[in-house]
$ cat protein.cif   # mmCIF, C-alpha atoms and all ligand atoms
data_my_file
loop_
_atom_site.label_atom_id
_atom_site.label_comp_id
_atom_site.auth_asym_id
_atom_site.auth_seq_id
_atom_site.Cartn_x
_atom_site.Cartn_y
_atom_site.Cartn_z
CA MET V 1 -4.49 6.01 -2.06
CA THR V 2 -5.14 9.48 -3.35
CA SER V 3 -4.62 10.13 -7.04
CA THR V 4 -2.43 12.98 -8.20
CA TYR V 5 -5.07 14.44 -10.53
CA PHE V 6 -6.98 15.86 -7.58
CA SER V 7 -6.98 19.65 -7.43
CA THR V 8 -5.78 21.46 -4.28
CA GLY V 9 -9.30 21.87 -2.93
CA SER V 10 -10.04 18.17 -3.41
CA LEU V 11 -6.73 17.18 -1.81
CA ALA V 12 -7.51 19.35 1.21
CA VAL V 13 -10.90 17.70 1.62
CA ARG V 14 -10.17 14.08 0.69
CA GLY V 15 -6.40 13.68 0.49
CA GLY V 16 -4.86 11.04 2.72
CA GLU V 17 -8.20 9.58 3.71
CA GLU V 18 -8.13 5.91 2.79
CA ARG V 19 -11.65 4.59 2.20
CA PRO V 20 -13.56 2.95 3.68
CA LEU V 21 -12.93 4.73 7.00
CA ALA V 22 -13.32 2.79 10.24
CA LEU V 23 -16.84 1.38 10.79
CA GLY V 24 -18.04 3.30 7.71
CA SER V 25 -17.63 6.72 9.32
CA ALA V 26 -17.80 9.59 6.82
CA GLN V 27 -15.13 11.63 8.62
CA VAL V 28 -11.78 10.59 10.08
CA PRO V 29 -12.41 9.47 13.68
CA ILE V 30 -10.25 10.42 16.66
CA PHE V 31 -8.30 7.30 17.57
CA GLN V 32 -8.01 8.25 21.24
CA SER V 33 -5.92 5.24 22.21
CA ALA V 34 -2.36 5.19 23.57
CA ALA V 35 -1.76 1.56 22.56
CA PHE V 36 -3.21 -0.78 19.94
CA ALA V 37 -4.14 -4.34 20.85
CA TYR V 38 -3.44 -7.49 18.78
CA PRO V 39 -5.27 -10.82 18.75
CA ASP V 40 -1.98 -12.73 19.18
CA ILE V 41 1.74 -12.17 19.69
CA GLU V 42 2.57 -13.30 16.14
CA SER V 43 0.53 -10.52 14.43
CA TRP V 44 1.80 -7.95 16.98
CA LEU V 45 5.39 -8.94 16.12
CA GLU V 46 4.71 -8.70 12.38
CA ALA V 47 3.47 -5.12 12.87
CA ALA V 48 6.36 -4.26 15.21
CA LEU V 49 8.88 -5.53 12.63
CA GLY V 50 7.19 -3.50 9.91
CA ASN V 51 6.20 -6.61 7.92
CA ALA V 52 2.50 -5.81 8.29
CA ALA V 53 0.55 -2.56 8.61
CA GLY V 54 -0.50 -1.69 12.14
CA ASP V 55 -0.05 0.82 14.93
CA ILE V 56 1.59 -0.22 18.19
CA TYR V 57 1.81 2.87 20.39
CA SER V 58 0.73 6.47 19.71
CA ARG V 59 4.12 8.04 20.43
CA ASN V 60 5.26 6.20 17.27
CA SER V 61 2.16 6.33 15.08
CA ASN V 62 -1.59 6.85 15.29
CA PRO V 63 -4.26 6.54 12.56
CA THR V 64 -5.75 10.04 13.02
CA VAL V 65 -2.30 11.62 13.09
CA ARG V 66 -1.28 9.67 9.98
CA VAL V 67 -4.15 11.14 7.92
CA PHE V 68 -3.08 14.65 8.96
CA GLU V 69 0.53 13.93 7.91
CA GLU V 70 -0.62 12.47 4.59
CA LYS V 71 -2.87 15.45 3.80
CA VAL V 72 -0.03 17.91 4.42
CA ARG V 73 2.34 15.71 2.39
CA LEU V 74 -0.02 15.88 -0.59
CA LEU V 75 -0.58 19.65 -0.25
CA GLU V 76 3.18 20.32 -0.05
CA GLN V 77 3.87 17.87 -2.94
CA ALA V 78 6.36 16.03 -0.72
CA GLU V 79 7.60 12.44 -0.64
CA ALA V 80 6.93 12.01 3.09
CA ALA V 81 5.70 13.87 6.17
CA THR V 82 5.76 13.48 9.93
CA SER V 83 4.15 15.55 12.65
CA PHE V 84 4.90 17.06 16.05
CA ALA V 85 3.30 18.54 19.15
CA SER V 86 4.04 22.09 17.97
CA GLY V 87 5.85 24.05 15.27
CA MET V 88 8.87 24.50 17.54
CA ALA V 89 8.97 20.72 18.12
CA ALA V 90 9.05 20.23 14.32
CA ILE V 91 11.86 22.76 13.90
CA SER V 92 13.99 21.65 16.86
CA ASN V 93 13.59 17.92 16.16
CA THR V 94 14.59 18.52 12.53
CA LEU V 95 17.66 20.62 13.36
CA PHE V 96 18.82 18.34 16.18
CA THR V 97 18.47 15.31 13.89
CA LEU V 98 20.40 16.77 10.96
CA LEU V 99 23.19 18.65 12.78
CA ARG V 100 26.22 17.27 14.64
CA PRO V 101 28.87 18.98 16.80
CA GLY V 102 31.23 20.88 14.51
CA ASP V 103 28.55 21.45 11.83
CA ARG V 104 27.59 24.87 10.53
CA VAL V 105 24.06 26.07 9.71
CA VAL V 106 23.31 29.20 7.68
CA SER V 107 20.10 31.15 8.19
CA VAL V 108 18.79 34.72 8.40
CA THR V 109 18.41 37.19 11.25
CA ASP V 110 14.61 37.39 10.91
CA THR V 111 13.58 33.81 11.65
CA TYR V 112 10.73 33.19 14.09
CA GLY V 113 11.75 34.12 17.66
CA GLY V 114 11.89 30.52 18.93
CA THR V 115 13.92 29.37 15.93
CA SER V 116 16.31 32.25 16.46
CA LYS V 117 16.75 31.08 20.10
CA LEU V 118 17.80 27.65 18.79
CA PHE V 119 20.44 29.28 16.59
CA LEU V 120 21.74 31.70 19.21
CA GLU V 121 21.43 29.65 22.41
CA PHE V 122 20.74 25.92 22.11
CA LEU V 123 22.64 24.79 18.99
CA PRO V 124 25.88 26.55 20.08
CA GLN V 125 25.67 24.62 23.39
CA MET V 126 26.12 21.48 21.29
CA GLY V 127 29.05 22.86 19.32
CA ILE V 128 26.95 23.75 16.26
CA LYS V 129 27.66 27.15 14.75
CA ALA V 130 24.81 29.23 13.32
CA ASP V 131 25.72 31.93 10.81
CA LEU V 132 22.83 34.41 10.51
CA VAL V 133 22.79 36.73 7.49
CA ASP V 134 20.77 39.97 7.27
CA THR V 135 17.39 38.99 5.80
CA GLY V 136 17.09 40.39 2.32
CA ASP V 137 20.86 40.48 1.71
CA HIS V 138 20.65 37.97 -1.14
CA ALA V 139 24.34 38.20 -2.06
CA GLY V 140 25.42 37.89 1.59
CA LEU V 141 23.28 34.78 1.94
CA ASP V 142 24.87 33.26 -1.20
CA ALA V 143 28.34 33.97 0.16
CA ALA V 144 27.61 32.48 3.60
CA ILE V 145 26.18 29.31 2.03
CA ALA V 146 29.02 28.99 -0.47
CA ARG V 147 31.53 28.86 2.40
CA GLY V 148 30.08 25.42 3.12
CA CYS V 149 27.41 24.36 5.60
CA LYS V 150 25.41 21.29 6.51
CA VAL V 151 22.00 22.98 6.60
CA VAL V 152 20.49 26.12 5.07
CA TYR V 153 17.43 27.20 7.03
CA LEU V 154 15.10 29.67 5.31
CA GLU V 155 11.84 31.37 6.23
CA THR V 156 9.87 33.58 3.85
CA PRO V 157 7.90 35.82 4.25
CA THR V 158 9.49 36.65 7.61
CA ASN V 159 8.04 37.70 10.91
CA PRO V 160 7.13 40.53 11.58
CA THR V 161 8.28 42.78 8.70
CA LEU V 162 7.40 40.39 5.85
CA LYS V 163 10.81 40.32 4.19
CA ILE V 164 11.26 37.95 1.26
CA ILE V 165 14.05 35.47 0.57
CA ASP V 166 14.67 34.49 -3.06
CA LEU V 167 14.04 30.75 -2.67
CA ARG V 168 15.17 29.64 -6.15
CA ARG V 169 18.45 31.50 -5.75
CA ALA V 170 19.22 30.40 -2.16
CA ILE V 171 18.27 26.78 -2.91
CA ALA V 172 20.46 26.70 -6.02
CA THR V 173 23.42 28.01 -4.01
CA ALA V 174 22.73 25.46 -1.26
CA LYS V 175 22.57 22.58 -3.75
CA HIS V 176 25.88 23.67 -5.22
CA ALA V 177 27.40 23.70 -1.70
CA GLY V 178 25.95 20.24 -0.94
CA SER V 179 23.74 21.56 1.88
CA THR V 180 20.27 20.46 2.94
CA THR V 181 17.64 23.21 2.67
CA ILE V 182 14.76 23.60 5.11
CA VAL V 183 12.02 26.20 4.51
CA ASP V 184 9.58 27.36 7.20
CA ASN V 185 6.43 27.75 5.08
CA THR V 186 4.16 28.80 7.97
CA PHE V 187 3.46 32.37 6.78
CA ALA V 188 2.95 31.44 3.13
CA THR V 189 1.03 28.12 3.44
CA PRO V 190 1.12 25.51 0.64
CA ILE V 191 -1.73 27.43 -1.01
CA ASN V 192 0.57 30.41 -1.71
CA GLN V 193 4.03 28.85 -1.96
CA LEU V 194 5.45 25.38 -2.67
CA PRO V 195 9.12 25.36 -1.61
CA ILE V 196 9.59 21.69 -2.61
CA SER V 197 8.59 22.50 -6.19
CA LEU V 198 11.33 25.19 -6.03
CA GLY V 199 13.89 22.56 -4.99
CA ALA V 200 13.82 22.65 -1.16
CA ASP V 201 14.61 19.36 0.61
CA LEU V 202 12.29 19.94 3.56
CA VAL V 203 9.39 22.17 4.59
CA VAL V 204 8.37 22.83 8.20
CA HIS V 205 5.17 24.37 9.53
CA SER V 206 3.68 25.60 12.70
CA ALA V 207 0.37 23.82 12.00
CA THR V 208 -0.99 25.92 14.88
CA LYS V 209 -1.29 28.80 12.39
CA PHE V 210 -2.83 28.64 8.91
CA LEU V 211 -2.91 24.83 8.49
CA GLY V 212 -5.27 24.38 11.43
CA GLY V 213 -6.56 27.89 10.92
CA HIS V 214 -8.87 28.17 13.95
CA ASP V 215 -6.46 29.04 16.78
CA ASP V 216 -7.68 25.99 18.72
CA ALA V 217 -4.91 23.38 18.36
CA MET V 218 -1.11 23.27 18.55
CA GLY V 219 0.85 21.19 16.07
CA GLY V 220 3.85 21.04 13.78
CA VAL V 221 4.71 19.16 10.61
CA LEU V 222 7.76 18.33 8.52
CA ALA V 223 7.42 17.32 4.85
CA GLY V 224 9.95 16.56 2.16
CA ARG V 225 12.59 14.01 1.15
CA ALA V 226 11.64 10.58 2.46
CA ASP V 227 15.15 9.66 3.67
CA LEU V 228 15.43 12.83 5.77
CA VAL V 229 11.85 12.74 7.08
CA SER V 230 12.37 9.15 8.22
CA GLN V 231 15.53 10.13 10.18
CA VAL V 232 13.67 12.95 11.90
CA HIS V 233 10.66 10.71 12.56
CA HIS V 234 12.97 8.17 14.23
CA TYR V 235 14.34 10.93 16.51
CA ARG V 236 10.82 12.12 17.32
CA GLU V 237 9.72 8.59 18.28
CA ILE V 238 12.35 8.65 21.04
CA ASN V 239 12.25 12.38 21.81
CA GLY V 240 8.49 12.03 22.28
CA ALA V 241 7.21 15.34 20.88
CA CYS V 242 4.32 13.61 19.08
CA LEU V 243 1.07 15.21 17.89
CA SER V 244 -1.99 14.11 19.88
CA ALA V 245 -4.88 12.40 18.09
CA PHE V 246 -7.29 15.05 19.28
CA SER V 247 -5.13 17.92 17.98
CA ALA V 248 -4.66 16.01 14.70
CA TYR V 249 -8.46 15.79 14.39
CA LEU V 250 -8.87 19.55 14.88
CA LEU V 251 -6.05 20.30 12.44
CA LEU V 252 -7.60 17.91 9.87
CA ARG V 253 -10.96 19.60 10.23
CA GLY V 254 -9.28 22.96 9.71
CA LEU V 255 -7.24 21.76 6.72
CA LYS V 256 -10.36 20.88 4.74
CA THR V 257 -11.12 24.59 4.20
CA ILE V 258 -7.54 25.87 3.82
CA GLU V 259 -7.89 26.87 0.17
CA LEU V 260 -11.02 28.94 0.84
CA ARG V 261 -9.68 30.47 4.04
CA VAL V 262 -6.31 31.46 2.60
CA ALA V 263 -7.93 32.96 -0.52
CA ARG V 264 -10.05 35.22 1.73
CA GLN V 265 -7.11 36.01 4.02
CA ASN V 266 -4.93 36.94 1.01
CA ALA V 267 -7.67 39.26 -0.26
CA ASN V 268 -8.29 40.84 3.15
CA ALA V 269 -4.56 41.44 3.70
CA MET V 270 -4.10 42.97 0.24
CA SER V 271 -7.08 45.30 0.76
CA MET V 272 -5.90 46.23 4.26
CA ALA V 273 -2.34 46.94 3.05
CA ARG V 274 -3.74 49.23 0.31
CA PHE V 275 -6.02 50.97 2.80
CA LEU V 276 -3.22 51.60 5.31
CA ASN V 277 -0.64 52.61 2.71
CA GLY V 278 -0.75 56.40 2.69
CA HIS V 279 -3.15 56.71 5.67
CA GLN V 280 -2.23 59.85 7.62
CA ALA V 281 -1.79 57.98 10.94
CA VAL V 282 0.41 55.25 9.44
CA GLU V 283 4.17 55.59 9.06
CA SER V 284 4.89 52.52 6.94
CA VAL V 285 3.24 49.31 5.72
CA PHE V 286 5.00 45.98 5.22
CA TYR V 287 3.26 43.59 2.82
CA PRO V 288 4.91 41.70 -0.07
CA GLY V 289 1.81 42.21 -2.22
CA LEU V 290 2.39 45.98 -2.37
CA GLU V 291 4.32 47.06 -5.47
CA SER V 292 6.33 49.35 -3.20
CA HIS V 293 7.66 46.36 -1.20
CA ARG V 294 11.40 46.04 -1.78
CA ASP V 295 11.17 42.42 -2.93
CA HIS V 296 7.70 42.47 -4.47
CA SER V 297 8.95 41.01 -7.76
CA ILE V 298 10.68 38.08 -6.02
CA ALA V 299 7.54 37.46 -3.98
CA ALA V 300 5.44 37.55 -7.15
CA SER V 301 7.76 35.05 -8.84
CA GLN V 302 7.61 32.43 -6.07
CA MET V 303 4.21 32.98 -4.44
CA SER V 304 0.76 32.59 -5.98
CA GLY V 305 -0.74 34.76 -3.21
CA PHE V 306 0.93 37.11 -0.73
CA GLY V 307 -0.48 35.71 2.51
CA GLY V 308 -2.79 36.84 5.28
CA VAL V 309 -0.26 38.64 7.50
CA LEU V 310 0.87 42.25 7.19
CA SER V 311 2.49 44.67 9.58
CA PHE V 312 2.51 48.45 9.85
CA ALA V 313 4.03 51.15 12.00
CA VAL V 314 1.62 53.75 13.33
CA LYS V 315 2.90 57.32 13.62
CA GLY V 316 4.30 57.89 17.07
CA ASP V 317 5.89 55.75 19.77
CA PHE V 318 4.95 52.51 21.50
CA ASP V 319 2.22 54.35 23.44
CA ALA V 320 0.54 55.32 20.16
CA CYS V 321 0.71 51.67 19.07
CA LYS V 322 -0.80 50.59 22.42
CA ARG V 323 -3.65 53.11 22.05
CA PHE V 324 -4.38 51.74 18.56
CA LEU V 325 -4.36 48.11 19.69
CA ASN V 326 -6.47 48.78 22.77
CA ALA V 327 -9.08 50.52 20.60
CA LEU V 328 -9.56 47.56 18.23
CA GLN V 329 -12.98 46.00 18.65
CA LEU V 330 -13.17 43.28 15.98
CA ALA V 331 -9.54 42.15 15.79
CA GLN V 332 -8.43 40.24 18.87
CA ARG V 333 -5.28 41.18 20.77
CA ALA V 334 -3.51 37.81 20.66
CA ALA V 335 -0.07 36.34 19.95
CA SER V 336 -0.89 33.83 17.22
CA LEU V 337 -1.64 34.24 13.51
CA GLY V 338 -3.37 32.44 10.66
CA SER V 339 -6.71 32.08 12.41
CA VAL V 340 -10.18 32.64 10.93
CA ASN V 341 -10.33 35.43 13.53
CA THR V 342 -8.25 38.52 12.84
CA LEU V 343 -5.44 38.76 15.40
CA ALA V 344 -3.29 41.80 16.10
CA GLY V 345 -0.39 42.49 18.42
CA PRO V 346 2.92 44.30 18.80
CA PRO V 347 6.06 42.23 18.00
CA ARG V 348 7.50 44.00 21.01
CA THR V 349 5.37 41.84 23.32
CA THR V 350 4.99 38.74 21.12
CA SER V 351 7.53 37.37 18.63
CA HIS V 352 10.41 39.64 19.69
CA VAL V 353 9.70 40.12 23.38
CA GLU V 354 13.17 38.85 24.34
CA CYS V 355 14.98 41.50 22.27
CA SER V 356 16.16 44.84 23.60
CA ILE V 357 15.06 48.11 21.93
CA GLU V 358 18.47 48.24 20.20
CA GLU V 359 18.16 44.64 18.93
CA ARG V 360 14.70 45.31 17.53
CA ALA V 361 15.99 48.47 15.86
CA LYS V 362 18.81 46.43 14.32
CA LEU V 363 16.24 43.99 12.92
CA GLY V 364 14.34 46.95 11.44
CA ILE V 365 11.36 46.49 13.77
CA PRO V 366 9.87 49.91 14.62
CA GLU V 367 8.68 50.25 18.24
CA SER V 368 5.24 51.29 16.98
CA LEU V 369 4.84 48.21 14.73
CA VAL V 370 1.58 46.27 14.66
CA ARG V 371 1.45 42.72 13.30
CA TYR V 372 -1.97 42.16 11.80
CA SER V 373 -3.07 38.66 10.79
CA CYS V 374 -6.22 38.83 8.70
CA GLY V 375 -9.02 36.41 9.42
CA ILE V 376 -11.92 35.64 7.13
CA GLU V 377 -14.28 38.36 8.39
CA GLY V 378 -15.78 40.76 5.86
CA PHE V 379 -13.24 43.37 4.78
CA ASP V 380 -15.57 46.33 5.31
CA ASP V 381 -15.88 45.45 9.00
CA LEU V 382 -12.12 45.03 9.37
CA ARG V 383 -11.50 48.37 7.68
CA ALA V 384 -14.07 50.14 9.87
CA ASP V 385 -12.46 48.62 12.98
CA VAL V 386 -8.95 49.72 11.97
CA GLU V 387 -10.19 53.14 10.83
CA GLN V 388 -11.81 53.96 14.19
CA ALA V 389 -8.81 52.58 16.14
CA LEU V 390 -6.39 54.74 14.12
CA LYS V 391 -8.23 57.80 15.43
CA HIS V 392 -6.75 56.99 18.86
CA VAL V 393 -3.15 57.05 17.62
C1 LIG C 401 4.41 30.15 15.40
C2 LIG C 401 5.55 29.91 14.52
C3 LIG C 401 6.47 28.88 14.81
C4 LIG C 401 6.39 28.05 16.07
O1 LIG C 401 5.26 27.24 16.07
P1 LIG C 401 4.51 26.77 17.43
O2 LIG C 401 3.39 25.94 16.90
O3 LIG C 401 4.08 28.01 18.15
O4 LIG C 401 5.51 26.01 18.22
C5 LIG C 401 7.50 28.66 13.90
N1 LIG C 401 7.63 29.41 12.79
C6 LIG C 401 6.77 30.40 12.49
C7 LIG C 401 6.99 31.19 11.24
C8 LIG C 401 5.71 30.69 13.34
O5 LIG C 401 4.87 31.69 13.04
#

$ encode --input "protein.cif" --output "structure tokens"
Amino acid sequence: MTSTYFSTGSLAVRGGEERPLALGSAQVPIFQSAAFAYPDIESWLEAALGNAAGDIYSRNSNPTVRVFEEKVRLLEQAEAATSFASGMAAISNTLFTLLRPGDRVVSVTDTYGGTSKLFLEFLPQMGIKADLVDTGDHAGLDAAIARGCKVVYLETPTNPTLKIIDLRRAIATAKHAGSTTIVDNTFATPINQLPISLGADLVVHSATKFLGGHDDAMGGVLAGRADLVSQVHHYREINGACLSAFSAYLLLRGLKTIELRVARQNANAMSMARFLNGHQAVESVFYPGLESHRDHSIAASQMSGFGGVLSFAVKGDFDACKRFLNALQLAQRAASLGSVNTLAGPPRTTSHVECSIEERAKLGIPESLVRYSCGIEGFDDLRADVEQALKHV
């Protein structure tokens, strides 16, 4: 097993990899097998009963997938972790495991679009009430939690305007109310923010984003308290939203470089936010690393880096935003984030496509907003690309 004295970089490279690996391989192999065969029924039964180590069927467990879960567990400083086919599978399996008809969940208005759909459409169908507080209304969030709820679901920084929730404060209120806290740590990554060290019970990720980091594999992961993770894992075994061995392999390969990638993405985003702030064609910039950000001091107190995603409104309407995006030559026009490639897009056609103009206005999302997820390209090239595209605004 991995020792705790390993630094983050070492954990990312070696964590969770029990040596020797199969047949002496230097890297974790893809165990591309649905079932696992046993020499006799007795040893199969021992594994099935949990009396001996061994995989039975890949919907339940798989050796490649297990290494991915263990690496994320170590990076998030969690007791246990389990994985899923996507980030939304991680989030929905977790909420459907922990909540029962009649329960109440408290969250914020700015959660990821799919998560918000769970709160507004699917959980209410099962008699579960979701109370969504304006993101950034710290006192309102305290009050909603204090009224009593089973689960407090937090996400910070938020999508797409990078609002910040005070994790220490919200978690303390939740503990007092006897609620379970879940934090979506996708935007921050365990390199920039460790919600479990701040008291959260559970952390969820879209591993599709920064964990994998190459925009080539879908996945999700849940890490945190062992008793809760094991309940959710049991639900997932039956629900079937398991991570494939091949995706786990790609995510593992990506995870090895997460510390280096995120350091570069943090730096690129900070430089880009500074460059855009005050540019004549830019109306406003949203990045928690800017001192002018409303909750910069909270961000600085709970994050060791401010992340690779920023957003900004160009001057003008949606057409101006479209002209800017269409003129980009280095950044790709794509819906995802957290990749080594810089990705840009309008929330209007990605994360908040289902909202009306009025709903987006209510969430404080300008129609000319661009979400910009920095990759690891050289900053001078990114700046030149954005500079020439802004001329088309
Ligand atoms: C993308 C994303 C999700 C959903 O993850 P998928 O892997 O696309 O299912 C959840 N939360 C956040 C913050 C995301 O960015």

$ residues_around --input "protein.cif" --residues "stretch 373-390 of chain V" --least-positions-apart "6" --cutoff "6 Å" --atoms "only C-alpha atoms" --output "count of residues only"
15

$ closest_residue --input "protein.cif" --among "V:Cys149, V:Leu276, V:Leu154, V:Ala35" --to "V:Leu98" --atoms "all atoms listed in the file"
V:Cys149

$ residues_near_point --input "protein.cif" --point "(4.9, 17.0, 19.1)" --cutoff "9 Å" --atoms "all atoms listed in the file" --output "VMD selection string"
chain V and resid 83 to 90 218 to 221 236 240 to 244

$ atom_distance --input "protein.cif" --atom1 "atom CA of V:Thr180" --atom2 "atom CA of V:Asn60"
25.2 Å

$ atom_distance --input "protein.cif" --atom1 "atom CA of V:Pro124" --atom2 "atom CA of V:Ile145"
18.3 Å

$ closest_residue --input "protein.cif" --among "V:Asp184, V:Asp55, V:Asp227, V:Asp216" --to "ligand LIG 401 (chain C)" --atoms "only C-alpha atoms and all ligand atoms"
V:Asp184

$ closest_residue --input "protein.cif" --among "V:Leu255, V:Ala53, V:Val232, V:Leu310" --to "V:Ala267" --atoms "only C-alpha atoms"
V:Leu310

$ residues_near_ligand --input "protein.cif" --ligand "ligand LIG 401 (chain C)" --cutoff "10 Å" --atoms "all atoms listed in the file" --output "VMD selection string"
chain V and resid 84 to 92 110 to 116 155 to 160 183 to 188 204 to 210 217 to 221 335 to 338 351

$ closest_residue --input "protein.cif" --among "V:Ile196, V:Val370, V:Gly364, V:Glu18" --to "V:Thr135" --atoms "all atoms listed in the file"
V:Gly364

$ closest_residue --input "protein.cif" --among "V:Arg333, V:Lys163, V:His392, V:Arg261" --to "V:Phe286" --atoms "only C-alpha atoms"
V:Lys163

$ atom_distance --input "protein.cif" --atom1 "atom CA of V:Leu202" --atom2 "atom CA of V:Ala78"
8.3 Å

$ residues_around --input "protein.cif" --residues "V:Ala37" --least-positions-apart "3" --cutoff "9 Å" --atoms "all atoms listed in the file" --output "list of chain:residue names"
V:Asp40, V:Trp44, V:Asp55, V:Ile56

$ write_last_selection --input "protein.cif" --atoms "C-alpha atoms" --output "PDB file, in the frame of the given file"
ATOM      1  CA  ASP V  40      -1.980 -12.730  19.180  1.00  0.00           C
ATOM      2  CA  TRP V  44       1.800  -7.950  16.980  1.00  0.00           C
ATOM      3  CA  ASP V  55      -0.050   0.820  14.930  1.00  0.00           C
ATOM      4  CA  ILE V  56       1.590  -0.220  18.190  1.00  0.00           C
TER       5      ILE V  56
END

$ closest_residue --input "protein.cif" --among "V:Asn266, V:Asn93, V:Thr64, V:Ser58" --to "V:Arg253" --atoms "all atoms listed in the file"
V:Thr64

$ residues_near_point --input "protein.cif" --point "(-5.4, 23.8, 8.9)" --cutoff "7 Å" --atoms "only C-alpha atoms" --output "JSON, numbers by chain"
{"V": [207, 210, 211, 212, 213, 251, 252, 254, 255, 258]}

$ residues_around --input "protein.cif" --residues "V:Phe6" --least-positions-apart "6" --cutoff "10 Å" --atoms "only C-alpha atoms" --output "MDAnalysis selection string"
chainID V and resid 12 14:15 74

$ residues_around --input "protein.cif" --residues "V:Phe119" --least-positions-apart "5" --cutoff "9 Å" --atoms "only C-alpha atoms" --output "tab-separated table (two decimals) with C-alpha atoms, in the frame of the given file"
chain	number	residue	atom	x	y	z
V	105	VAL	CA	24.06	26.07	9.71
V	107	SER	CA	20.10	31.15	8.19
V	114	GLY	CA	11.89	30.52	18.93
V	124	PRO	CA	25.88	26.55	20.08
V	128	ILE	CA	26.95	23.75	16.26
V	129	LYS	CA	27.66	27.15	14.75
V	130	ALA	CA	24.81	29.23	13.32
V	131	ASP	CA	25.72	31.93	10.81
V	132	LEU	CA	22.83	34.41	10.51

$ residues_around --input "protein.cif" --residues "V:Leu99" --least-positions-apart "5" --cutoff "9 Å" --atoms "only C-alpha atoms" --output "ChimeraX atom specification"
/V:94,104-105,123,128,150-151

$ write_last_selection --input "protein.cif" --atoms "C-alpha atoms" --output "mmCIF file, in the frame of the given file"
data_model
loop_
_atom_site.group_PDB
_atom_site.id
_atom_site.type_symbol
_atom_site.label_atom_id
_atom_site.label_comp_id
_atom_site.auth_asym_id
_atom_site.auth_seq_id
_atom_site.Cartn_x
_atom_site.Cartn_y
_atom_site.Cartn_z
ATOM 1 C CA THR V 94 14.590 18.520 12.530
ATOM 2 C CA ARG V 104 27.590 24.870 10.530
ATOM 3 C CA VAL V 105 24.060 26.070 9.710
ATOM 4 C CA LEU V 123 22.640 24.790 18.990
ATOM 5 C CA ILE V 128 26.950 23.750 16.260
ATOM 6 C CA LYS V 150 25.410 21.290 6.510
ATOM 7 C CA VAL V 151 22.000 22.980 6.600
#
